[in-house]
Every structure is written in C-alpha cells, then in structure tokens.
Amino acid sequence: MKHKSIHSEAAGVSCCGGTESRAKHESMEQTSSASVRTFRIATMDCSVEESEIRRTLEEIEGIRSLNFQLSARTLAIDAPEDVLSRAVTAIRHIGYDPQEQHRDGEGDGSGTSLSMQRGFSSGIPRLILALVLAIGAEVVAFFSPETTFWEVAEMGLAAIGIWLAGLETYTKGFLALRRKRLNINALMSVAVTGAFLIGQWAEAAMVMALFALAELIEARAVDRARNAIRDLLDLTPETAEVRQPSGNWQMMPANDIAFGAIVRVRPGERVALDGMVTAGASTINQAPVTGESLPVEKAVGDPVYAGTVNESGSLEFEVTATAGNSTLARIIHAVEQAQNSRAPTQRFVDKFAAVYTPAVFVMALVVAAVGPLLFEWTWVDALYKALVLLVIACPCALVISTPVTVVSGLAAGARRGVLIKGGTYLEEARKLKAVALDKTGTITEGKPELVAWQRMVLIDDDGLVASIATSLADRSDHPVSNAISKGLDAPGQEVQDFEAIPGRGVKGKIGGMDYVLGNYRLINERNQATAELDEVLDVHLRAGRTVTLLASNESVLAIFAVADTIKESSRAAIGELRALGVTPVMLTGDNSATAESIGHEAGIDDVRGNLLPDDKLAAIRELQSQYGPTGMTGDGINDAPALAQADIGFAMGAAGTDIAREAADVVIMNDDLHQIATTVRLSKKTHTVLWQNITLALGIKAVFFVLAVFGEATMWMAVFADMGASLLVVGNGLRLLRQGKLSATEKGAVSMRTLKSKRVPG
C-alpha cells in the first residue's frame, strides 16, 4: 500500500472539512504555537535557497521541525527559545534576513511583500542606476582613447555599478564560498570578480547589473504563479451586514463576525463568509469555489460559500465558518501547502542541478588551467572563457522551470474546482490506466427519486390513487417515502390510525378505508401477491429500482418504482475517460442487479456489486495488478480505504464525507465526474510543459557552452541568455494558468449539463 502520510503536510485541514476536523486542527495549533515561530525570508525564492537554509539549520541541535512554504517565503521553526535564537543567527550568517511573522501578519517586516522589499524603495532605482553606469562603462571602453584617465573612468563607473547591483550577491556569494558551497551567488561573485581583475571592467559591471535585474524580474514572475490562487481572496468582501440582538442590521468587519451570526447579502453583493441559508431565495455564482460556470439556485437550508456572488434575491444565512476558516480560505491554504510537495520531475531537476553546477565549475577550472597548454590561448583568454562558463553554470533557469510549472498547474486546477493535494498527484495523474468509481453519489445523484408508477386496478381517477399514496408517504420519514411524496406532488388527505410497520411500511385509514404502503414482503404476508404483480415487479427489479406498493384490504392498487438516478454528466464523463485510454470500473455495495443496471446506463462494462469496504480495497489492488496505475473515486466513509490504496484518490467535495476528502489526493468541489478527465488532461499538459522547460533551459546552456569554448560568447551575452532562458521557462509555465478557465465549448457543455440536471422528472 502506498504511503500517504504526505496528506498531513500537503493538505492540512480538509478544504471542506466539518466542525470536528476544524476544532481538532485549531486545538493542535494552540498546543504547538508556544514553541513554533514563523519567519518571512523575502529573498528565499526557490528550492536551491531553501536547501541552503535547511542544510545550515540541520547542523543545529535541538530543532524539532522545519516547515518551509516557498509560496509565502516563510519558515516555521519548532525549537526552544535558546535554539531558536541560534537558528536565526545562523540564517543571517549565510546572507538571509529572517523577519518574525506575528499571528496578525504584521510587525518585524513580516507582512512586507518581496516586491516592496525589492521594489522602488531599494530595488528598481538602484538597479536602473547600476545598469546606466554599466552602459556608461561600455561606452567609455568602446569609444574613448586608451589613456590612463579614460581607463580610470571606465573602472570607476564599473566599480560603482557592481557595488550598486551586486552588494547582496557578493554578501551571499562569499558566505557560500566560505562554507564550501556553490550556489548561484557564489558563481556570479567569482565570475564578476575574475572579470574585473583581468581588466574586463565594463563587462563585469554589465554582467552584475543584468544578473540583478534578471533576479528581480524572475522573482516577480514567479510570484505571479505562486500568488495566482491567493488572488481569489480578493473576491471576499472585508465587511458584511450582520443582524444585531436588537434586530437591527449593522456592517461589521468579516474577520470579527462570529460563528452562528446571521448575515444578510443583497443582490449583486459577494458572500463574505460560509453559511447556511435561513431566509430568502436566490441564484449564486459559485465559480471561484466549485468551478461551475452557471449560477446555482439557493433556498433555505442550502450552503453558501465566501467569495461567491449573489445574483438575484436577498438572502440571510447563518455563519458556519469564520473568515479564516471558510471553504475558499481552506482551498487556498491546501494549495499553498501542496506547492511544497515536490513532483517527481522537480526532485529529479534538483538532484541534477546539484551535480551540474559543481561539474561545470570544475570544467571551468580545467579550461583556465589546461586551455593554454593545449591550444593557442593566452592565459587571459583561457581565464575569460572559464569565467563565461561560470556564468553559464548558473542553474536558475533549470531549477525554476519545474516549481513554476507545478504551481501554475495546481492553481489552474483549483480555479476549476479541482483541488490537487500536491505536485506528485498533478504529475502522476497522466499515468492512470483505470479508475474505479463508487455508484451512490458519484455516478448517481445519491438521492432516490420516483422514476415510474402505475395503477394495478381499474380506478378512473389517477389523482385519487396519487392522493392516497401521498397521504401515507407524507407521514413517513423514510427516504423512499419522501421520494414518492415529492415525485407524485399530489394533495394529501387526513390519515387516521397511522402506524409504521417496522421493516414493512406504513398503514392508515383514509376516508374510512384501510390502506397500506409498503414493500413486497408486506403484500406477500397479506396474501395479495399475484402472478401478474410479480411480472411487473420483476421488470423494475431488473432495472435496479426499489418497488413500493399501495394496497387496500381487497387488492394492490398501484406500484411505485424509486431509484437513485444517474447524473446527467456521468455518461459523457465516462466516455471522456475512455477517450483518454482510462478504463472505468464500478465498485458498489449495492446489489448486483441495481449495479448492473446503473453500470449499463453509464456505459461501464466492468461492474462489481455487493462490496464491503474491505472488498473495495481488494478490488483496487486487483485493478492495480491488472491495469497498472489506478484511481478511485468516492464520497463515503466506506470508500476511504480504497481511496487511500489507489494511486490517486478522487473525492467528491460537495457530497462527500470528511474522511473521504482527507483520504483522497484530489478533491472535486462540484461532484462532476468530468473533472477526473480534466485532471488527467491537466496532468498531461503539465508534464509536457515541464519537459519543454527543461529542454529549453539545458538547450540554451548547451549552445552557449559551445560558443564559450570557441570564444564566440561574452560574459554579458551569457548572462543575457541565462536571463532569457529563465523568463522563457517562467512564461511557458505560466501558460498553465489559462487551463483554469473554461473554454467556450466547455462552458456550453457545462450549461447543458446544468440545465438537464434542473429538469423535473415527468
């Protein structure tokens, strides 16, 4: 069985979890908060810098745990106070500036974004001035006469430019070299210093200015990917109208509104908090949370979610989750946590980069030391070629190519209502060969409906039969009785001497006559079963329907067939899976006749009924042996073992249980099976973009490596190429964000499915 402990780290609290799971999570936070301190490290941009900090802190005894969140550039340290101070000092010694982040998100600079820290106050003007000075040094070197005055001018302009652009790079670079570690700052520090020492002053300044500018542009581009999902928080209003004890309504900050408060949302306003409708009716656009393209009807008893738009009527709802614990906030938190779990390709790239950089560094030393002995190079030429190779050795484009792509894919899925709990599942979904599907609530609606009824005796008035059946069904709380009452929609009559017959049905007196509404066992015990009745019942039973009979003292008056109807989206969704080469299999605890009927209607050939939770678990293992990578889709507690065993578990987020959502790797927020195919396609696209980026990064470096050896590449050209490669892979990775938007064709398909799902059974 595969190891799924990553859920506790990558997903945190279930994005749709109930009160119990939230309370447990909050309790854990309170008990651990005393020893855990969170720091924001604004210049911790990628996994290379994370690894550098991690290696530094591993040398300090007493640290219980480290929790890096690159998306927020934060590090949570669980350690005693004295050890914590040593850890912060160690981080500062390697060139980073950790600022403690308080619970309110303020103080000590924790709330300052990277763009502010590297922005207009300290970044852009300084870098522009450095670039101007570097260009000035290039102009002086190219146009001025070779005199001492102009050489000093060139060197002076270059030195000031290097100082302005490279102070941070030099600080971190020399600290890394002192610790015998080769990172990008160490490589650039050596390359620029070497170029300056051999008299390439203008070029050294240009290299440092371009590198610093590239770092700034790259950081902002990466922020766009990392913050794509957090932009959804802007959809949640900061205030809401709350009913006061006096009965008046008052605007209050959303963060101050307590659990259980009554909130009013007017037409055109956004919902500020999660809640349950207590008054009013409206349509709400839930696209930010569930990915549904059409508004959803809401009435008393229906849930509403923070960040959604109330489009028509006024609603009042009872708050079921505070602002920081809304479904939207938990989705964003889960995606942020998922960004920290590295996909297989990302782990490969990190390992490759760890070998690649030292290898190129050694190669540069060989070129500098051996080149003049083997070729007709001067020592200065050999050293210059070696410095160009050092610039090419910078692993930025390669290392940044995978996390940006993975983060963009996770954000694209979340925007469409598909919450993927880690890069591993995003990348591995493309390998699925089979998907097992639970029946109830997954393929079917999960709610019984009256699908057919007929009279068995000659009574001229259908309305009379329907009225008698409705009268008895209204008095029962059984789901089948509720389905009959709702499906008939006939006026009821007064029922006297009503009585429930355990395991059989109900009986009562209507209009002075005795009637029963129950199952076949009750009718058989009353000796009212006939061959004709058995034939009719057999037709419905083969179709997987539950049959209820209405009878008087003399005979059976009518039969009512109730069934859990298949979702309109299921047939097409299963067809999509087949088109992707994924074999659908149904696993259900229902009887075989019902399972076969639903499976045939949905287009599934392999149907397995009468399964207990352990049977479903065994079935997943069998499918994995037969097909290979296998997914499981379900929504109930009985599906949890199979969800955990599957290579990728898909949980229905709206209808599913907390335990199913926790056990799953992917949560489908709108319970639409089409999203399984969407996940597979997104996985295929992500994998393609990942390898496009790796090929781009390595290909550009290979070209400039050859040019450098043959003396056709300069240092500033190498930096420009490295910057270009970084921006290319970031831009290519950001293309996945477009996958989070529905195409016109998909919107049309969703619209048709939604309209069909709203039709009243005839």
# chains A, B, ... in the order shown; residues from 1 in each chain; ligands from 1
>>> select_by_dssp(residues="segment 337-415 of chain A", states="helix (DSSP H, G or I)", output="mmCIF file with C-alpha atoms, in the first residue's frame")
data_model
loop_
_atom_site.group_PDB
_atom_site.id
_atom_site.type_symbol
_atom_site.label_atom_id
_atom_site.label_comp_id
_atom_site.auth_asym_id
_atom_site.auth_seq_id
_atom_site.Cartn_x
_atom_site.Cartn_y
_atom_site.Cartn_z
ATOM 1 C CA GLN A 337 0.695 23.508 1.248
ATOM 2 C CA ALA A 338 0.520 21.341 -1.878
ATOM 3 C CA PRO A 344 8.975 13.633 -9.336
ATOM 4 C CA THR A 345 10.371 15.801 -12.151
ATOM 5 C CA GLN A 346 11.123 18.572 -9.683
ATOM 6 C CA ARG A 347 13.059 16.179 -7.432
ATOM 7 C CA PHE A 348 14.996 14.960 -10.476
ATOM 8 C CA VAL A 349 15.864 18.511 -11.546
ATOM 9 C CA ASP A 350 17.011 19.453 -8.035
ATOM 10 C CA LYS A 351 19.326 16.423 -7.918
ATOM 11 C CA PHE A 352 20.600 17.133 -11.441
ATOM 12 C CA ALA A 353 21.298 20.791 -10.624
ATOM 13 C CA ALA A 354 23.224 19.756 -7.510
ATOM 14 C CA VAL A 355 25.606 17.763 -9.739
ATOM 15 C CA TYR A 356 25.518 20.042 -12.781
ATOM 16 C CA THR A 357 26.757 23.216 -11.077
ATOM 17 C CA PRO A 358 29.910 21.728 -9.466
ATOM 18 C CA ALA A 359 30.638 19.804 -12.678
ATOM 19 C CA VAL A 360 30.633 22.979 -14.779
ATOM 20 C CA PHE A 361 32.695 24.759 -12.102
ATOM 21 C CA VAL A 362 35.354 22.025 -12.330
ATOM 22 C CA MET A 363 35.199 22.230 -16.125
ATOM 23 C CA ALA A 364 35.798 25.992 -15.939
ATOM 24 C CA LEU A 365 38.888 25.392 -13.800
ATOM 25 C CA VAL A 366 40.154 22.849 -16.330
ATOM 26 C CA VAL A 367 39.621 25.317 -19.199
ATOM 27 C CA ALA A 368 41.513 28.035 -17.305
ATOM 28 C CA ALA A 369 44.396 25.765 -16.292
ATOM 29 C CA VAL A 370 44.773 23.427 -19.274
ATOM 30 C CA GLY A 371 43.475 25.524 -22.195
ATOM 31 C CA PRO A 372 46.687 27.498 -22.803
ATOM 32 C CA LEU A 373 48.711 24.264 -22.704
ATOM 33 C CA LEU A 374 46.595 22.501 -25.332
ATOM 34 C CA TRP A 379 46.216 32.805 -20.062
ATOM 35 C CA VAL A 380 43.871 35.818 -20.038
ATOM 36 C CA ASP A 381 41.791 34.328 -22.870
ATOM 37 C CA ALA A 382 41.589 30.982 -21.060
ATOM 38 C CA LEU A 383 40.567 32.664 -17.814
ATOM 39 C CA TYR A 384 37.926 34.705 -19.640
ATOM 40 C CA LYS A 385 36.444 31.569 -21.262
ATOM 41 C CA ALA A 386 36.379 29.929 -17.842
ATOM 42 C CA LEU A 387 34.501 32.909 -16.388
ATOM 43 C CA VAL A 388 31.921 32.697 -19.191
ATOM 44 C CA LEU A 389 31.440 29.027 -18.322
ATOM 45 C CA LEU A 390 30.834 30.002 -14.688
ATOM 46 C CA VAL A 391 28.019 32.292 -15.765
ATOM 47 C CA ILE A 392 26.566 29.514 -17.920
ATOM 48 C CA CYS A 396 18.480 29.435 -12.296
ATOM 49 C CA ALA A 397 16.500 28.632 -15.446
ATOM 50 C CA LEU A 398 16.755 24.896 -14.824
ATOM 51 C CA VAL A 399 15.807 24.982 -11.147
ATOM 52 C CA ILE A 400 12.972 27.482 -11.570
ATOM 53 C CA SER A 401 11.469 25.637 -14.558
ATOM 54 C CA THR A 402 9.707 22.938 -12.525
ATOM 55 C CA PRO A 403 8.192 24.682 -9.460
ATOM 56 C CA VAL A 404 6.650 27.473 -11.540
ATOM 57 C CA THR A 405 5.032 24.916 -13.835
ATOM 58 C CA VAL A 406 3.756 22.768 -10.968
ATOM 59 C CA VAL A 407 2.396 25.750 -9.030
ATOM 60 C CA SER A 408 0.633 27.037 -12.154
ATOM 61 C CA GLY A 409 -0.925 23.613 -12.702
ATOM 62 C CA LEU A 410 -2.148 23.409 -9.096
ATOM 63 C CA ALA A 411 -3.637 26.910 -9.341
ATOM 64 C CA ALA A 412 -5.305 26.103 -12.678
ATOM 65 C CA GLY A 413 -6.938 23.031 -11.151
ATOM 66 C CA ALA A 414 -8.146 24.939 -8.081
ATOM 67 C CA ARG A 415 -9.714 27.615 -10.281
#
>>> residues_around(residues="Ile484 of chain A", least_positions_apart="4", cutoff="8 Å", atoms="only C-alpha atoms", output="list of chain:residue names")
A:Glu449, A:Leu450, A:Ala469, A:Thr470, A:Ala473, A:Val480, A:Leu488, A:Phe560, A:Val562
>>> atom_distance(atom1="atom CA of Asp564 of chain A", atom2="atom CA of Asp639 of chain A")
18.2 Å
>>> residues_around(residues="Ala642 of chain A", least_positions_apart="6", cutoff="8 Å", atoms="only C-alpha atoms", output="ChimeraX atom specification")
/A:613,616-617,620,632,649
>>> closest_residue(among="A:Leu133, A:Met155, A:Val36, A:Ala306", to="Ile198 of chain A", atoms="only C-alpha atoms")
A:Met155
>>> residues_around(residues="Thr239 of chain A", least_positions_apart="6", cutoff="6 Å", atoms="only C-alpha atoms", output="list of chain:residue names")
A:Met252, A:Pro253, A:Ala254
>>> select_by_dssp(residues="segment 292-444 of chain A", states="strand (DSSP E or B)", output="number ranges by chain")
A: 296-298, 303-304, 309-310, 315-321, 418-420, 434-438, 444
>>> write_last_selection(atoms="N, CA, C and O atoms", output="PDB file, in the first residue's frame")
ATOM      1  N   VAL A 296     -26.093  28.843  -9.336  1.00  0.00           N
ATOM      2  CA  VAL A 296     -26.774  27.736  -8.665  1.00  0.00           C
ATOM      3  C   VAL A 296     -27.915  28.296  -7.828  1.00  0.00           C
ATOM      4  O   VAL A 296     -27.749  29.297  -7.127  1.00  0.00           O
ATOM      5  N   GLU A 297     -29.092  27.645  -7.916  1.00  0.00           N
ATOM      6  CA  GLU A 297     -30.249  28.070  -7.130  1.00  0.00           C
ATOM      7  C   GLU A 297     -29.990  27.806  -5.650  1.00  0.00           C
ATOM      8  O   GLU A 297     -29.514  26.744  -5.258  1.00  0.00           O
ATOM      9  N   LYS A 298     -30.328  28.800  -4.798  1.00  0.00           N
ATOM     10  CA  LYS A 298     -30.169  28.654  -3.358  1.00  0.00           C
ATOM     11  C   LYS A 298     -31.482  28.992  -2.659  1.00  0.00           C
ATOM     12  O   LYS A 298     -32.157  29.972  -3.000  1.00  0.00           O
ATOM     13  N   PRO A 303     -26.231  25.540   1.388  1.00  0.00           N
ATOM     14  CA  PRO A 303     -24.991  26.200   1.810  1.00  0.00           C
ATOM     15  C   PRO A 303     -24.594  27.324   0.858  1.00  0.00           C
ATOM     16  O   PRO A 303     -24.904  27.285  -0.337  1.00  0.00           O
ATOM     17  N   VAL A 304     -23.929  28.328   1.388  1.00  0.00           N
ATOM     18  CA  VAL A 304     -23.320  29.382   0.571  1.00  0.00           C
ATOM     19  C   VAL A 304     -21.862  29.493   0.983  1.00  0.00           C
ATOM     20  O   VAL A 304     -21.494  29.167   2.110  1.00  0.00           O
ATOM     21  N   VAL A 309     -20.917  35.085  -5.649  1.00  0.00           N
ATOM     22  CA  VAL A 309     -21.688  36.292  -5.957  1.00  0.00           C
ATOM     23  C   VAL A 309     -23.180  35.998  -5.915  1.00  0.00           C
ATOM     24  O   VAL A 309     -23.667  35.100  -6.609  1.00  0.00           O
ATOM     25  N   ASN A 310     -23.903  36.775  -5.100  1.00  0.00           N
ATOM     26  CA  ASN A 310     -25.356  36.672  -5.051  1.00  0.00           C
ATOM     27  C   ASN A 310     -25.941  37.462  -6.218  1.00  0.00           C
ATOM     28  O   ASN A 310     -25.768  38.678  -6.290  1.00  0.00           O
ATOM     29  N   LEU A 315     -30.633  37.312   0.526  1.00  0.00           N
ATOM     30  CA  LEU A 315     -30.504  36.095   1.330  1.00  0.00           C
ATOM     31  C   LEU A 315     -30.057  36.446   2.739  1.00  0.00           C
ATOM     32  O   LEU A 315     -29.307  37.400   2.953  1.00  0.00           O
ATOM     33  N   GLU A 316     -30.517  35.648   3.691  1.00  0.00           N
ATOM     34  CA  GLU A 316     -29.974  35.679   5.036  1.00  0.00           C
ATOM     35  C   GLU A 316     -29.399  34.299   5.318  1.00  0.00           C
ATOM     36  O   GLU A 316     -29.995  33.285   4.954  1.00  0.00           O
ATOM     37  N   PHE A 317     -28.229  34.256   5.945  1.00  0.00           N
ATOM     38  CA  PHE A 317     -27.633  32.954   6.237  1.00  0.00           C
ATOM     39  C   PHE A 317     -26.939  32.972   7.591  1.00  0.00           C
ATOM     40  O   PHE A 317     -26.498  34.023   8.074  1.00  0.00           O
ATOM     41  N   GLU A 318     -26.872  31.789   8.184  1.00  0.00           N
ATOM     42  CA  GLU A 318     -26.183  31.611   9.457  1.00  0.00           C
ATOM     43  C   GLU A 318     -24.736  31.226   9.186  1.00  0.00           C
ATOM     44  O   GLU A 318     -24.468  30.297   8.416  1.00  0.00           O
ATOM     45  N   VAL A 319     -23.802  31.924   9.801  1.00  0.00           N
ATOM     46  CA  VAL A 319     -22.381  31.694   9.570  1.00  0.00           C
ATOM     47  C   VAL A 319     -21.980  30.326  10.116  1.00  0.00           C
ATOM     48  O   VAL A 319     -22.228  30.014  11.283  1.00  0.00           O
ATOM     49  N   THR A 320     -21.366  29.509   9.255  1.00  0.00           N
ATOM     50  CA  THR A 320     -20.924  28.170   9.660  1.00  0.00           C
ATOM     51  C   THR A 320     -19.402  28.051   9.723  1.00  0.00           C
ATOM     52  O   THR A 320     -18.891  27.006  10.097  1.00  0.00           O
ATOM     53  N   ALA A 321     -18.685  29.100   9.328  1.00  0.00           N
ATOM     54  CA  ALA A 321     -17.215  29.096   9.414  1.00  0.00           C
ATOM     55  C   ALA A 321     -16.735  30.533   9.471  1.00  0.00           C
ATOM     56  O   ALA A 321     -17.244  31.394   8.747  1.00  0.00           O
ATOM     57  N   VAL A 418     -10.997  21.835  -8.888  1.00  0.00           N
ATOM     58  CA  VAL A 418     -10.278  20.581  -8.677  1.00  0.00           C
ATOM     59  C   VAL A 418      -9.105  20.871  -7.747  1.00  0.00           C
ATOM     60  O   VAL A 418      -8.141  21.530  -8.138  1.00  0.00           O
ATOM     61  N   LEU A 419      -9.196  20.397  -6.509  1.00  0.00           N
ATOM     62  CA  LEU A 419      -8.156  20.653  -5.521  1.00  0.00           C
ATOM     63  C   LEU A 419      -7.197  19.468  -5.493  1.00  0.00           C
ATOM     64  O   LEU A 419      -7.530  18.392  -5.015  1.00  0.00           O
ATOM     65  N   ILE A 420      -5.993  19.676  -6.041  1.00  0.00           N
ATOM     66  CA  ILE A 420      -4.969  18.626  -6.112  1.00  0.00           C
ATOM     67  C   ILE A 420      -4.001  18.849  -4.958  1.00  0.00           C
ATOM     68  O   ILE A 420      -3.452  19.942  -4.811  1.00  0.00           O
ATOM     69  N   ALA A 434      -6.731   2.949 -15.161  1.00  0.00           N
ATOM     70  CA  ALA A 434      -8.081   2.550 -14.766  1.00  0.00           C
ATOM     71  C   ALA A 434      -8.541   3.465 -13.641  1.00  0.00           C
ATOM     72  O   ALA A 434      -7.729   3.969 -12.857  1.00  0.00           O
ATOM     73  N   VAL A 435      -9.850   3.691 -13.577  1.00  0.00           N
ATOM     74  CA  VAL A 435     -10.443   4.470 -12.489  1.00  0.00           C
ATOM     75  C   VAL A 435     -11.649   3.715 -11.966  1.00  0.00           C
ATOM     76  O   VAL A 435     -12.572   3.398 -12.727  1.00  0.00           O
ATOM     77  N   ALA A 436     -11.624   3.386 -10.681  1.00  0.00           N
ATOM     78  CA  ALA A 436     -12.766   2.744 -10.038  1.00  0.00           C
ATOM     79  C   ALA A 436     -13.705   3.826  -9.528  1.00  0.00           C
ATOM     80  O   ALA A 436     -13.262   4.834  -8.976  1.00  0.00           O
ATOM     81  N   LEU A 437     -15.005   3.610  -9.724  1.00  0.00           N
ATOM     82  CA  LEU A 437     -15.998   4.619  -9.376  1.00  0.00           C
ATOM     83  C   LEU A 437     -17.033   4.016  -8.433  1.00  0.00           C
ATOM     84  O   LEU A 437     -17.621   2.968  -8.739  1.00  0.00           O
ATOM     85  N   ASP A 438     -17.238   4.671  -7.300  1.00  0.00           N
ATOM     86  CA  ASP A 438     -18.355   4.298  -6.440  1.00  0.00           C
ATOM     87  C   ASP A 438     -19.649   4.684  -7.156  1.00  0.00           C
ATOM     88  O   ASP A 438     -19.654   5.585  -8.000  1.00  0.00           O
ATOM     89  N   THR A 444     -24.248   8.282  -9.539  1.00  0.00           N
ATOM     90  CA  THR A 444     -25.657   8.649  -9.379  1.00  0.00           C
ATOM     91  C   THR A 444     -25.775   9.891  -8.505  1.00  0.00           C
ATOM     92  O   THR A 444     -24.799  10.352  -7.907  1.00  0.00           O
TER      93      THR A 444
END
>>> residues_around(residues="Ile91 of chain A", least_positions_apart="3", cutoff="12 Å", atoms="only C-alpha atoms", output="PyMOL selection string")
chain A and resi 39-41+43-44+49-60+75+77+84-88+94-99+172+175-176
>>> write_last_selection(atoms="C-alpha atoms", output="tab-separated table (two decimals), in the first residue's frame")
chain	number	residue	atom	x	y	z
A	39	PHE	CA	9.74	33.87	9.88
A	40	ARG	CA	9.39	35.51	6.49
A	41	ILE	CA	12.56	35.31	4.36
A	43	THR	CA	14.87	36.52	-0.64
A	44	MET	CA	14.12	32.80	-0.36
A	49	GLU	CA	17.90	28.65	-1.38
A	50	GLU	CA	15.52	26.53	0.70
A	51	SER	CA	18.04	23.68	0.61
A	52	GLU	CA	20.86	26.04	1.62
A	53	ILE	CA	18.91	27.23	4.67
A	54	ARG	CA	17.82	23.69	5.53
A	55	ARG	CA	21.43	22.39	5.43
A	56	THR	CA	22.54	25.25	7.67
A	57	LEU	CA	19.86	24.57	10.27
A	58	GLU	CA	20.46	20.80	10.23
A	59	GLU	CA	23.77	21.49	11.94
A	60	ILE	CA	21.97	22.99	14.96
A	75	LEU	CA	9.85	29.21	7.50
A	77	ILE	CA	10.75	26.63	13.25
A	84	LEU	CA	15.61	29.44	18.01
A	85	SER	CA	17.90	32.44	18.50
A	86	ARG	CA	20.87	30.38	17.28
A	87	ALA	CA	18.88	29.29	14.24
A	88	VAL	CA	18.00	32.88	13.31
A	94	ILE	CA	24.52	32.88	5.24
A	95	GLY	CA	23.11	36.13	3.89
A	96	TYR	CA	19.37	35.99	4.56
A	97	ASP	CA	17.26	38.29	6.71
A	98	PRO	CA	14.52	36.37	8.56
A	99	GLN	CA	11.78	38.61	9.95
A	172	LYS	CA	25.59	35.76	-0.03
A	175	LEU	CA	29.33	33.39	2.67
A	176	ALA	CA	28.53	30.36	0.49
